[in-house]
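In what follows, a single structure is set out as structure tokens and then discussed.
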Amino acid sequence: MPRLVDHEVRRREITDATRRVIVAGGLDAVTFQTVAAEAELSVRLVQYYFGTKREFLLATHRSVIQDAGARFAQRMSGLPPGAGPREFIRAVLTELLPLDDRRRGEAIVLGAFNTAAIAGRGISAEETLAAPRALVTIVAEQLRRGGSPDSAEPNAELILAAVGGLAQGMLPGHYTAQSAVALVDHLLDLILGAPGN
């Protein structure tokens, strides 16, 4: 009797393989052949699930964003009931930093997509901006909650731009995990005031 295949599981195997190919060699290394080899599947099967390279690249980008979103939700649910804006924003920002192998891989993949969008190589910025825009909205909402309604949007943009730079700077070792987290805390002190003030 033939084995039933869970199509979502198979798609996930392919997008996970695509991530590994990107981490190892960038977007230029992604082909049907390299992804199929990494996933230990036939090229024909990868083509069956994703008809074009662009389709599995965008599906891979979505899978990274979905994984990060699930982590954010888990981290937020773990905050104490009375957590204030600072704790909430800090939790979001530290989840964006490549503090473990999984997040490091995600940062490399997202960086590769950003580079492709900048260079105009098949992926547009519009196709990858939904998550950053959502993060700005989330952080701005917490800043308003913390008492800075007039400057919430520009400060949220500034915070996320800074943390994006920290994340990219951690990849080649310019920042350590400890120094990056310390800089996140310093940034929050500048914008929200030091804790207890």
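Ligands are numbered from 1 in the order shown, residues from 1 within each chain, and chains are lettered A, B, ... in the order they appear in the structure tokens.
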>> Could you list, as a list in words, every residue within 10 Å of segment 142-151 of chain A, counting only C-alpha atoms and ignoring same-chain residues fewer than 3 positions away?
In response: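 Near segment 142-151 of chain A, the qualifying residues are Gly84, Pro85, Arg86, Glu87, Phe88, Ile89, Val136, Thr137, Ile138, Val139, Pro154, Asn155, Ala156, Ile191 and Leu192 of chain A.
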Please produce a file of those selected residues containing N, CA, C and O atoms, as an mmCIF file, in the first residue's frame.
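Output (part.cif):
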data_model
loop_
_atom_site.group_PDB
_atom_site.id
_atom_site.type_symbol
_atom_site.label_atom_id
_atom_site.label_comp_id
_atom_site.auth_asym_id
_atom_site.auth_seq_id
_atom_site.Cartn_x
_atom_site.Cartn_y
_atom_site.Cartn_z
ATOM 1 N N GLY A 84 5.690 45.440 31.477
ATOM 2 C CA GLY A 84 5.472 46.744 30.865
ATOM 3 C C GLY A 84 6.024 46.805 29.450
ATOM 4 O O GLY A 84 6.581 45.823 28.939
ATOM 5 N N PRO A 85 5.903 47.971 28.836
ATOM 6 C CA PRO A 85 6.376 48.141 27.457
ATOM 7 C C PRO A 85 7.854 47.804 27.271
ATOM 8 O O PRO A 85 8.231 47.194 26.278
ATOM 9 N N ARG A 86 8.680 48.205 28.225
ATOM 10 C CA ARG A 86 10.116 47.947 28.083
ATOM 11 C C ARG A 86 10.397 46.450 27.998
ATOM 12 O O ARG A 86 11.149 46.002 27.138
ATOM 13 N N GLU A 87 9.790 45.666 28.899
ATOM 14 C CA GLU A 87 10.011 44.221 28.899
ATOM 15 C C GLU A 87 9.503 43.598 27.596
ATOM 16 O O GLU A 87 10.134 42.712 27.034
ATOM 17 N N PHE A 88 8.359 44.093 27.149
ATOM 18 C CA PHE A 88 7.767 43.568 25.916
ATOM 19 C C PHE A 88 8.677 43.863 24.722
ATOM 20 O O PHE A 88 9.000 42.975 23.940
ATOM 21 N N ILE A 89 9.102 45.131 24.599
ATOM 22 C CA ILE A 89 9.962 45.519 23.470
ATOM 23 C C ILE A 89 11.294 44.782 23.539
ATOM 24 O O ILE A 89 11.795 44.286 22.525
ATOM 25 N N VAL A 136 7.311 47.168 13.339
ATOM 26 C CA VAL A 136 7.258 48.600 13.647
ATOM 27 C C VAL A 136 5.945 48.922 14.357
ATOM 28 O O VAL A 136 5.924 49.632 15.365
ATOM 29 N N THR A 137 4.850 48.374 13.866
ATOM 30 C CA THR A 137 3.543 48.615 14.478
ATOM 31 C C THR A 137 3.511 48.104 15.913
ATOM 32 O O THR A 137 3.030 48.789 16.824
ATOM 33 N N ILE A 138 4.043 46.894 16.135
ATOM 34 C CA ILE A 138 4.051 46.296 17.478
ATOM 35 C C ILE A 138 4.881 47.135 18.439
ATOM 36 O O ILE A 138 4.449 47.440 19.558
ATOM 37 N N VAL A 139 6.085 47.514 18.018
ATOM 38 C CA VAL A 139 6.973 48.295 18.894
ATOM 39 C C VAL A 139 6.378 49.684 19.139
ATOM 40 O O VAL A 139 6.393 50.184 20.272
ATOM 41 N N PRO A 154 8.424 57.053 14.697
ATOM 42 C CA PRO A 154 9.842 57.203 14.321
ATOM 43 C C PRO A 154 10.791 56.480 15.275
ATOM 44 O O PRO A 154 11.803 55.938 14.846
ATOM 45 N N ASN A 155 10.444 56.442 16.569
ATOM 46 C CA ASN A 155 11.308 55.721 17.515
ATOM 47 C C ASN A 155 11.269 54.219 17.252
ATOM 48 O O ASN A 155 12.290 53.544 17.371
ATOM 49 N N ALA A 156 10.104 53.702 16.896
ATOM 50 C CA ALA A 156 10.001 52.276 16.567
ATOM 51 C C ALA A 156 10.845 51.966 15.328
ATOM 52 O O ALA A 156 11.566 50.953 15.291
ATOM 53 N N ILE A 191 15.628 55.724 24.835
ATOM 54 C CA ILE A 191 14.289 56.044 24.336
ATOM 55 C C ILE A 191 13.242 56.039 25.432
ATOM 56 O O ILE A 191 12.366 56.911 25.476
ATOM 57 N N LEU A 192 13.337 55.073 26.355
ATOM 58 C CA LEU A 192 12.299 54.933 27.396
ATOM 59 C C LEU A 192 12.745 55.451 28.755
ATOM 60 O O LEU A 192 11.942 55.542 29.675
#
> Hey, what does DSSP flag as helix (DSSP H, G or I) within chain A? Can you give it to me as an MDAnalysis selection string?
Replying inline: chainID A and resid 7:25 27:29 32:39 43:49 53:77 85:96 101:119 125:128 130:145 152:170 177:192
With C-alpha atoms retained, could you export that selection as a short mmCIF file (atom, residue, chain, number, x, y, z; two decimals), in the first residue's frame?
data_model
loop_
_atom_site.label_atom_id
_atom_site.label_comp_id
_atom_site.auth_asym_id
_atom_site.auth_seq_id
_atom_site.Cartn_x
_atom_site.Cartn_y
_atom_site.Cartn_z
CA HIS A 7 2.13 17.82 1.65
CA GLU A 8 2.79 20.54 4.22
CA VAL A 9 5.54 18.43 5.79
CA ARG A 10 7.07 17.88 2.35
CA ARG A 11 6.93 21.62 1.55
CA ARG A 12 8.58 22.30 4.88
CA GLU A 13 11.35 19.80 4.09
CA ILE A 14 11.98 21.70 0.86
CA THR A 15 11.98 25.17 2.44
CA ASP A 16 14.24 23.95 5.26
CA ALA A 17 16.63 22.56 2.64
CA THR A 18 16.48 25.89 0.79
CA ARG A 19 17.43 27.69 4.00
CA ARG A 20 20.46 25.44 4.43
CA VAL A 21 21.54 26.04 0.84
CA ILE A 22 21.22 29.82 1.33
CA VAL A 23 23.18 29.74 4.60
CA ALA A 24 25.95 27.74 2.92
CA GLY A 25 26.15 29.64 -0.38
CA LEU A 27 20.74 32.91 -2.96
CA ASP A 28 22.92 32.29 -6.02
CA ALA A 29 23.50 28.73 -4.79
CA PHE A 32 16.22 22.98 -8.14
CA GLN A 33 19.20 20.64 -8.16
CA THR A 34 20.92 21.98 -5.02
CA VAL A 35 17.67 22.11 -3.05
CA ALA A 36 16.66 18.61 -4.17
CA ALA A 37 20.09 17.25 -3.18
CA GLU A 38 19.95 18.98 0.22
CA ALA A 39 16.41 17.71 0.85
CA VAL A 43 14.33 17.46 -8.72
CA ARG A 44 10.97 16.48 -10.18
CA LEU A 45 9.42 16.32 -6.71
CA VAL A 46 10.74 19.79 -5.78
CA GLN A 47 9.29 21.09 -9.06
CA TYR A 48 5.98 19.42 -8.26
CA TYR A 49 5.67 21.34 -4.99
CA LYS A 53 12.64 28.89 -8.18
CA ARG A 54 10.92 32.14 -7.23
CA GLU A 55 8.04 30.19 -5.64
CA PHE A 56 10.27 28.18 -3.33
CA LEU A 57 12.38 31.22 -2.49
CA LEU A 58 9.30 33.18 -1.41
CA ALA A 59 7.95 30.14 0.46
CA THR A 60 11.30 29.91 2.25
CA HIS A 61 11.14 33.58 3.20
CA ARG A 62 7.60 33.07 4.55
CA SER A 63 8.71 30.03 6.55
CA VAL A 64 11.46 32.06 8.27
CA ILE A 65 8.98 34.81 9.13
CA GLN A 66 6.43 32.27 10.41
CA ASP A 67 9.04 30.59 12.63
CA ALA A 68 10.11 33.95 14.03
CA GLY A 69 6.46 34.89 14.61
CA ALA A 70 5.84 31.65 16.51
CA ARG A 71 8.90 32.34 18.67
CA PHE A 72 7.72 35.90 19.35
CA ALA A 73 4.30 34.60 20.41
CA GLN A 74 5.88 32.02 22.71
CA ARG A 75 8.23 34.60 24.22
CA MET A 76 5.37 37.08 24.77
CA SER A 77 3.22 34.45 26.45
CA PRO A 85 6.38 48.14 27.46
CA ARG A 86 10.12 47.95 28.08
CA GLU A 87 10.01 44.22 28.90
CA PHE A 88 7.77 43.57 25.92
CA ILE A 89 9.96 45.52 23.47
CA ARG A 90 13.15 43.97 24.88
CA ALA A 91 11.70 40.49 24.41
CA VAL A 92 10.86 41.27 20.76
CA LEU A 93 14.26 42.80 20.06
CA THR A 94 16.30 40.01 21.60
CA GLU A 95 14.32 37.49 19.53
CA LEU A 96 15.54 39.35 16.43
CA ASP A 101 22.19 28.67 15.54
CA ARG A 102 18.56 28.75 14.41
CA ARG A 103 18.29 32.55 14.62
CA ARG A 104 21.73 32.93 13.06
CA GLY A 105 20.57 30.91 10.05
CA GLU A 106 17.40 33.00 9.84
CA ALA A 107 19.44 36.23 9.93
CA ILE A 108 21.65 34.98 7.09
CA VAL A 109 18.63 33.96 5.01
CA LEU A 110 16.83 37.28 5.58
CA GLY A 111 20.04 39.18 4.83
CA ALA A 112 20.35 37.30 1.53
CA PHE A 113 16.78 38.28 0.62
CA ASN A 114 17.47 41.92 1.50
CA THR A 115 20.57 41.89 -0.69
CA ALA A 116 18.58 40.41 -3.57
CA ALA A 117 15.89 43.08 -3.17
CA ILE A 118 18.49 45.86 -3.10
CA ALA A 119 20.24 44.49 -6.18
CA ALA A 125 11.40 44.77 -1.36
CA GLU A 126 7.59 44.83 -1.36
CA GLU A 127 7.53 41.03 -1.18
CA THR A 128 9.61 41.01 1.99
CA ALA A 130 5.26 42.76 5.63
CA ALA A 131 7.09 41.42 8.69
CA PRO A 132 9.28 44.51 9.28
CA ARG A 133 6.20 46.73 8.98
CA ALA A 134 4.32 44.57 11.47
CA LEU A 135 7.25 44.80 13.90
CA VAL A 136 7.26 48.60 13.65
CA THR A 137 3.54 48.62 14.48
CA ILE A 138 4.05 46.30 17.48
CA VAL A 139 6.97 48.30 18.89
CA ALA A 140 5.23 51.65 18.27
CA GLU A 141 2.14 50.40 20.11
CA GLN A 142 4.28 49.50 23.12
CA LEU A 143 6.07 52.87 22.99
CA ARG A 144 2.68 54.61 23.07
CA ARG A 145 1.75 52.43 26.02
CA ALA A 152 6.22 56.28 18.78
CA GLU A 153 6.44 55.60 15.03
CA PRO A 154 9.84 57.20 14.32
CA ASN A 155 11.31 55.72 17.51
CA ALA A 156 10.00 52.28 16.57
CA GLU A 157 11.59 52.65 13.13
CA LEU A 158 14.86 53.76 14.72
CA ILE A 159 14.87 50.91 17.25
CA LEU A 160 14.25 48.27 14.61
CA ALA A 161 16.82 49.74 12.22
CA ALA A 162 19.40 49.68 15.02
CA VAL A 163 18.59 46.11 15.99
CA GLY A 164 18.71 45.02 12.34
CA GLY A 165 22.20 46.52 12.17
CA LEU A 166 23.20 44.75 15.39
CA ALA A 167 21.90 41.44 14.05
CA GLN A 168 23.85 41.80 10.81
CA GLY A 169 26.94 42.94 12.77
CA MET A 170 26.78 39.81 14.93
CA ALA A 177 25.77 38.21 21.97
CA GLN A 178 26.59 39.96 25.25
CA SER A 179 27.55 43.29 23.65
CA ALA A 180 24.52 43.23 21.33
CA VAL A 181 22.09 42.66 24.21
CA ALA A 182 23.85 45.39 26.22
CA LEU A 183 23.39 47.78 23.27
CA VAL A 184 19.69 46.86 23.05
CA ASP A 185 19.36 47.76 26.74
CA HIS A 186 21.24 51.02 26.19
CA LEU A 187 18.99 51.92 23.27
CA LEU A 188 15.90 51.26 25.37
CA ASP A 189 17.37 53.43 28.15
CA LEU A 190 17.84 56.28 25.66
CA ILE A 191 14.29 56.04 24.34
CA LEU A 192 12.30 54.93 27.40
#
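Taking atom CA of Ala194 of chain A as the reference point, atom CA of Pro81 of chain A is found at 21.2 Å.
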> Interatomic distance between atom CA of Leu129 of chain A and atom CA of Leu99 of chain A?
Replying inline: 22.7 Å
>> I need the residue nearest Gly122 of chain A from this list: A:Thr52, A:His174, A:Gly193, A:Glu40. Use only C-alpha atoms for the distance.
In response: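 Ranked by minimum distance to Gly122 of chain A, first place goes to A:Thr52.
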